[in-house]
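Have a look at entry.pdb; it's PDB, C-alpha atoms, pLDDT in the B column:
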ATOM      1  CA  MET P  78      -5.931 -13.448   9.797  1.00 56.00           C
ATOM      2  CA  HIS P  79      -2.687 -11.486   9.753  1.00 70.00           C
ATOM      3  CA  ALA P  80      -2.159  -8.223  11.644  1.00 86.00           C
ATOM      4  CA  TYR P  81      -0.908  -5.981   8.847  1.00 91.00           C
ATOM      5  CA  VAL P  82       0.943  -2.780   9.740  1.00 95.00           C
ATOM      6  CA  VAL P  83       0.912  -0.073   7.053  1.00 95.00           C
ATOM      7  CA  THR P  84       3.483   2.728   7.221  1.00 94.00           C
ATOM      8  CA  HIS P  85       4.071   5.707   4.959  1.00 89.00           C
ATOM      9  CA  ALA P  86       7.333   5.210   3.037  1.00 90.00           C
ATOM     10  CA  GLY P  87       7.562   8.609   1.370  1.00 82.00           C
ATOM     11  CA  ARG P  88       6.986   9.756  -2.179  1.00 84.00           C
ATOM     12  CA  GLU P  89       8.185   8.372  -5.485  1.00 81.00           C
ATOM     13  CA  ASN P  90      10.207  11.553  -6.069  1.00 78.00           C
ATOM     14  CA  GLU P  91      10.344  15.217  -5.022  1.00 78.00           C
ATOM     15  CA  GLU P  92       7.720  16.428  -7.520  1.00 79.00           C
ATOM     16  CA  SER P  93       4.454  17.821  -6.119  1.00 74.00           C
ATOM     17  CA  PHE P  94       2.305  15.273  -7.910  1.00 82.00           C
ATOM     18  CA  SER P  95       4.426  12.151  -7.371  1.00 86.00           C
ATOM     19  CA  ASN P  96       2.924   8.910  -6.075  1.00 89.00           C
ATOM     20  CA  TYR P  97       2.685   8.099  -2.371  1.00 88.00           C
ATOM     21  CA  LEU P  98       4.479   4.947  -1.193  1.00 93.00           C
ATOM     22  CA  PHE P  99       3.630   2.630   1.707  1.00 93.00           C
ATOM     23  CA  ASP P 100       5.161  -0.479   3.265  1.00 95.00           C
ATOM     24  CA  VAL P 101       3.101  -3.357   4.654  1.00 96.00           C
ATOM     25  CA  ALA P 102       4.587  -5.530   7.400  1.00 96.00           C
ATOM     26  CA  ILE P 103       3.555  -8.628   9.325  1.00 93.00           C
ATOM     27  CA  ASP P 104       5.361  -9.224  12.627  1.00 92.00           C
ATOM     28  CA  GLY P 105       7.931  -6.565  11.691  1.00 93.00           C
ATOM     29  CA  ARG P 106       8.749  -8.173   8.310  1.00 94.00           C
ATOM     30  CA  LYS P 107       8.034  -6.175   5.152  1.00 95.00           C
ATOM     31  CA  VAL P 108       5.761  -8.267   2.927  1.00 95.00           C
ATOM     32  CA  ALA P 109       4.489  -5.777   0.339  1.00 95.00           C
ATOM     33  CA  GLU P 110       4.680  -2.254  -1.001  1.00 94.00           C
ATOM     34  CA  LEU P 111       1.692  -0.116  -1.937  1.00 94.00           C
ATOM     35  CA  SER P 112       1.368   3.054  -3.950  1.00 92.00           C
ATOM     36  CA  HIS P 113      -1.314   5.474  -5.067  1.00 90.00           C
ATOM     37  CA  ASP P 114      -1.264   8.603  -7.152  1.00 87.00           C
ATOM     38  CA  TYR P 115      -1.466  12.004  -5.499  1.00 81.00           C
ATOM     39  CA  ARG P 116      -5.274  12.119  -5.891  1.00 82.00           C
ATOM     40  CA  GLY P 117      -5.845   8.534  -4.779  1.00 81.00           C
ATOM     41  CA  ASP P 118      -7.408   7.587  -8.126  1.00 87.00           C
ATOM     42  CA  ALA P 119      -4.901   4.879  -9.145  1.00 90.00           C
ATOM     43  CA  HIS P 120      -3.616   2.130  -6.831  1.00 92.00           C
ATOM     44  CA  TRP P 121      -0.780  -0.399  -7.071  1.00 93.00           C
ATOM     45  CA  ILE P 122       0.601  -3.268  -4.989  1.00 94.00           C
ATOM     46  CA  ARG P 123       3.739  -5.404  -5.258  1.00 94.00           C
ATOM     47  CA  LEU P 124       5.827  -7.852  -3.333  1.00 93.00           C
ATOM     48  CA  PRO P 125       9.134  -6.241  -2.295  1.00 90.00           C
ATOM     49  CA  GLU P 126      11.116  -5.464  -5.465  1.00 85.00           C
ATOM     50  CA  GLY P 127       8.521  -7.232  -7.638  1.00 92.00           C
ATOM     51  CA  PRO P 128       6.479  -5.713 -10.477  1.00 96.00           C
ATOM     52  CA  TRP P 129       3.710  -3.242  -9.671  1.00 94.00           C
ATOM     53  CA  ILE P 130       0.172  -4.585 -10.134  1.00 94.00           C
ATOM     54  CA  GLU P 131      -2.571  -2.009 -10.688  1.00 94.00           C
ATOM     55  CA  LEU P 132      -5.752  -2.527  -8.686  1.00 93.00           C
ATOM     56  CA  PRO P 133      -9.187  -1.020  -9.396  1.00 92.00           C
ATOM     57  CA  GLU P 134     -10.017  -0.188  -5.773  1.00 91.00           C
ATOM     58  CA  ARG P 135      -8.563   1.853  -2.918  1.00 91.00           C
ATOM     59  CA  ILE P 136      -6.124  -0.312  -0.949  1.00 91.00           C
ATOM     60  CA  VAL P 137      -5.028   2.079   1.828  1.00 92.00           C
ATOM     61  CA  GLU P 138      -7.369   3.701   4.338  1.00 92.00           C
ATOM     62  CA  GLY P 139      -6.666   6.391   6.890  1.00 90.00           C
ATOM     63  CA  GLY P 140      -3.954   8.993   6.910  1.00 84.00           C
ATOM     64  CA  GLY P 141      -3.770  12.407   8.502  1.00 85.00           C
ATOM     65  CA  SER P 142      -5.019  11.952  12.060  1.00 91.00           C
ATOM     66  CA  GLN P 143      -6.303   8.424  11.297  1.00 92.00           C
ATOM     67  CA  PRO P 144      -4.036   5.361  11.451  1.00 93.00           C
ATOM     68  CA  LEU P 145      -3.092   3.785   8.122  1.00 93.00           C
ATOM     69  CA  ALA P 146      -4.682   0.422   7.343  1.00 93.00           C
ATOM     70  CA  LEU P 147      -5.396  -1.876   4.433  1.00 94.00           C
ATOM     71  CA  SER P 148      -8.883  -1.620   2.976  1.00 93.00           C
ATOM     72  CA  SER P 149     -10.841  -4.837   2.469  1.00 93.00           C
ATOM     73  CA  ALA P 150      -9.712  -4.745  -1.197  1.00 92.00           C
ATOM     74  CA  GLY P 151      -6.115  -4.322  -0.008  1.00 91.00           C
ATOM     75  CA  VAL P 152      -6.379  -7.314   2.323  1.00 92.00           C
ATOM     76  CA  ALA P 153      -7.863  -9.424  -0.485  1.00 92.00           C
ATOM     77  CA  ALA P 154      -5.139  -8.389  -2.958  1.00 92.00           C
ATOM     78  CA  LEU P 155      -2.346  -9.024  -0.457  1.00 92.00           C
ATOM     79  CA  THR P 156      -3.794 -12.381   0.579  1.00 91.00           C
ATOM     80  CA  ASN P 157      -3.947 -13.329  -3.092  1.00 90.00           C
ATOM     81  CA  LEU P 158      -0.269 -12.363  -3.541  1.00 89.00           C
ATOM     82  CA  ILE P 159       1.266 -13.923  -0.440  1.00 86.00           C
ATOM     83  CA  GLY P 160      -1.280 -16.604   0.432  1.00 75.00           C
TER      84      GLY P 160
END
Would you give me this structure, written as structure tokens?
Amino acid sequence: MHAYVVTHAGRENEESFSNYLFDVAIDGRKVAELSHDYRGDAHWIRLPEGPWIELPERIVEGGGSQPLALSSAGVAALTNLIG
């Protein structure tokens, strides 16, 4: 099992309701990008610079005072993408 590190990578743009962006790394190497809308209702994943794939479940957990992590759905989706 990989030790994924999820970091906040900013917002899609400066608008109040723009999507949140995250990077996922393994051993310091970026392996995927994640995004969700400002409410957390829609979720996407992609390999770096690849096409966004919409997922039906929450893929990022934590935030605020809690550390960011992949949800079990996020781990499954990423494993499916990168093997």
- Pick out the residues sitting within 12 Å of stretch 151-160 of chain P, and hand them over as an NGL selection string; count only C-alpha atoms, and ignore anything fewer than 5 positions along from it in its own chain. :P and (78-83 or 100-103 or 107-112 or 120-125 or 127-138 or 145-146)
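Applied to this file, the PyMOL selection byres ((chain P and resi 114-118) around 6) selects the residues Phe94, Asn96, His113 and Ala119 of chain P.
Here atom CA of P:Ala150 is placed at a distance of 15.5 Å from atom CA of P:Phe99.
The gap separating atom CA of P:Ser142 from atom CA of P:Ser93 is 21.3 Å, in Å to one decimal.
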- Please indicate the distance in Å from atom CA of P:Ser148 to atom CA of P:Ala86, rounded to one decimal place. 17.6 Å
- In terms of only C-alpha atoms, the residue from P:Pro144, P:Arg106, P:Ser149, P:Glu126 at minimal distance from P:Thr84 is P:Pro144
Got a sec: who's within 8 Å of P:Arg88, counting all atoms listed in the file, leaving out chain neighbours fewer than 3 positions off, as a PDB file with C-alpha atoms, in the coordinates of the input?
ATOM      1  CA  GLU P  91      10.344  15.217  -5.022  1.00 78.00           C
ATOM      2  CA  SER P  95       4.426  12.151  -7.371  1.00 86.00           C
ATOM      3  CA  ASN P  96       2.924   8.910  -6.075  1.00 89.00           C
ATOM      4  CA  TYR P  97       2.685   8.099  -2.371  1.00 88.00           C
ATOM      5  CA  LEU P  98       4.479   4.947  -1.193  1.00 93.00           C
TER       6      LEU P  98
END
Slice of the block: stretch 83-150 of chain P, C-alpha atoms, as a PDB file, in the first residue's frame:
ATOM      1  CA  VAL P  83      -2.445  15.075  -0.152  1.00  0.00           C
ATOM      2  CA  THR P  84      -1.729  18.812  -0.229  1.00  0.00           C
ATOM      3  CA  HIS P  85      -3.975  21.762  -0.999  1.00  0.00           C
ATOM      4  CA  ALA P  86      -2.960  23.283  -4.351  1.00  0.00           C
ATOM      5  CA  GLY P  87      -5.200  26.343  -4.316  1.00  0.00           C
ATOM      6  CA  ARG P  88      -8.363  27.213  -6.183  1.00  0.00           C
ATOM      7  CA  GLU P  89      -9.265  26.948  -9.843  1.00  0.00           C
ATOM      8  CA  ASN P  90      -9.546  30.747 -10.036  1.00  0.00           C
ATOM      9  CA  GLU P  91     -10.142  33.795  -7.824  1.00  0.00           C
ATOM     10  CA  GLU P  92     -13.952  33.515  -7.803  1.00  0.00           C
ATOM     11  CA  SER P  93     -15.653  32.771  -4.468  1.00  0.00           C
ATOM     12  CA  PHE P  94     -17.270  29.586  -5.716  1.00  0.00           C
ATOM     13  CA  SER P  95     -14.368  28.132  -7.715  1.00  0.00           C
ATOM     14  CA  ASN P  96     -13.255  24.523  -7.290  1.00  0.00           C
ATOM     15  CA  TYR P  97     -10.642  23.470  -4.741  1.00  0.00           C
ATOM     16  CA  LEU P  98      -7.514  21.767  -6.104  1.00  0.00           C
ATOM     17  CA  PHE P  99      -5.262  19.180  -4.451  1.00  0.00           C
ATOM     18  CA  ASP P 100      -2.067  17.342  -5.375  1.00  0.00           C
ATOM     19  CA  VAL P 101      -1.390  13.719  -4.439  1.00  0.00           C
ATOM     20  CA  ALA P 102       2.213  12.555  -4.071  1.00  0.00           C
ATOM     21  CA  ILE P 103       3.992   9.283  -3.367  1.00  0.00           C
ATOM     22  CA  ASP P 104       7.578   9.566  -2.105  1.00  0.00           C
ATOM     23  CA  GLY P 105       7.612  13.260  -3.063  1.00  0.00           C
ATOM     24  CA  ARG P 106       6.499  12.601  -6.670  1.00  0.00           C
ATOM     25  CA  LYS P 107       3.186  14.076  -7.824  1.00  0.00           C
ATOM     26  CA  VAL P 108       1.029  11.230  -9.142  1.00  0.00           C
ATOM     27  CA  ALA P 109      -2.451  12.766  -9.375  1.00  0.00           C
ATOM     28  CA  GLU P 110      -4.545  15.887  -9.026  1.00  0.00           C
ATOM     29  CA  LEU P 111      -7.901  16.071  -7.270  1.00  0.00           C
ATOM     30  CA  SER P 112     -10.641  18.658  -7.296  1.00  0.00           C
ATOM     31  CA  HIS P 113     -14.025  19.258  -5.720  1.00  0.00           C
ATOM     32  CA  ASP P 114     -16.558  22.023  -6.013  1.00  0.00           C
ATOM     33  CA  TYR P 115     -16.871  24.625  -3.279  1.00  0.00           C
ATOM     34  CA  ARG P 116     -19.631  22.639  -1.518  1.00  0.00           C
ATOM     35  CA  GLY P 117     -17.911  19.272  -1.863  1.00  0.00           C
ATOM     36  CA  ASP P 118     -20.787  17.844  -3.919  1.00  0.00           C
ATOM     37  CA  ALA P 119     -18.827  17.052  -7.111  1.00  0.00           C
ATOM     38  CA  HIS P 120     -15.424  15.326  -7.194  1.00  0.00           C
ATOM     39  CA  TRP P 121     -12.801  14.811  -9.906  1.00  0.00           C
ATOM     40  CA  ILE P 122      -9.446  13.054 -10.262  1.00  0.00           C
ATOM     41  CA  ARG P 123      -6.795  13.035 -12.992  1.00  0.00           C
ATOM     42  CA  LEU P 124      -3.246  12.029 -13.665  1.00  0.00           C
ATOM     43  CA  PRO P 125      -1.028  15.127 -13.972  1.00  0.00           C
ATOM     44  CA  GLU P 126      -2.149  17.081 -17.056  1.00  0.00           C
ATOM     45  CA  GLY P 127      -4.601  14.322 -18.033  1.00  0.00           C
ATOM     46  CA  PRO P 128      -8.378  14.642 -18.446  1.00  0.00           C
ATOM     47  CA  TRP P 129     -10.560  15.108 -15.373  1.00  0.00           C
ATOM     48  CA  ILE P 130     -12.645  12.067 -14.406  1.00  0.00           C
ATOM     49  CA  GLU P 131     -15.754  12.725 -12.316  1.00  0.00           C
ATOM     50  CA  LEU P 132     -16.281  10.401  -9.363  1.00  0.00           C
ATOM     51  CA  PRO P 133     -19.537   9.799  -7.464  1.00  0.00           C
ATOM     52  CA  GLU P 134     -17.979   9.788  -3.989  1.00  0.00           C
ATOM     53  CA  ARG P 135     -15.912  12.097  -1.791  1.00  0.00           C
ATOM     54  CA  ILE P 136     -12.213  11.517  -2.499  1.00  0.00           C
ATOM     55  CA  VAL P 137     -10.561  13.923  -0.027  1.00  0.00           C
ATOM     56  CA  GLU P 138     -11.015  13.808   3.740  1.00  0.00           C
ATOM     57  CA  GLY P 139      -9.879  16.260   6.374  1.00  0.00           C
ATOM     58  CA  GLY P 140      -9.095  19.919   6.029  1.00  0.00           C
ATOM     59  CA  GLY P 141      -9.204  22.749   8.519  1.00  0.00           C
ATOM     60  CA  SER P 142      -7.474  21.443  11.639  1.00  0.00           C
ATOM     61  CA  GLN P 143      -7.482  17.854  10.298  1.00  0.00           C
ATOM     62  CA  PRO P 144      -4.763  16.555   7.960  1.00  0.00           C
ATOM     63  CA  LEU P 145      -5.772  15.991   4.338  1.00  0.00           C
ATOM     64  CA  ALA P 146      -6.049  12.372   3.214  1.00  0.00           C
ATOM     65  CA  LEU P 147      -7.579  10.262   0.480  1.00  0.00           C
ATOM     66  CA  SER P 148     -10.894   8.642   1.337  1.00  0.00           C
ATOM     67  CA  SER P 149     -11.282   4.922   0.670  1.00  0.00           C
ATOM     68  CA  ALA P 150     -13.024   5.868  -2.615  1.00  0.00           C
TER      69      ALA P 150
END
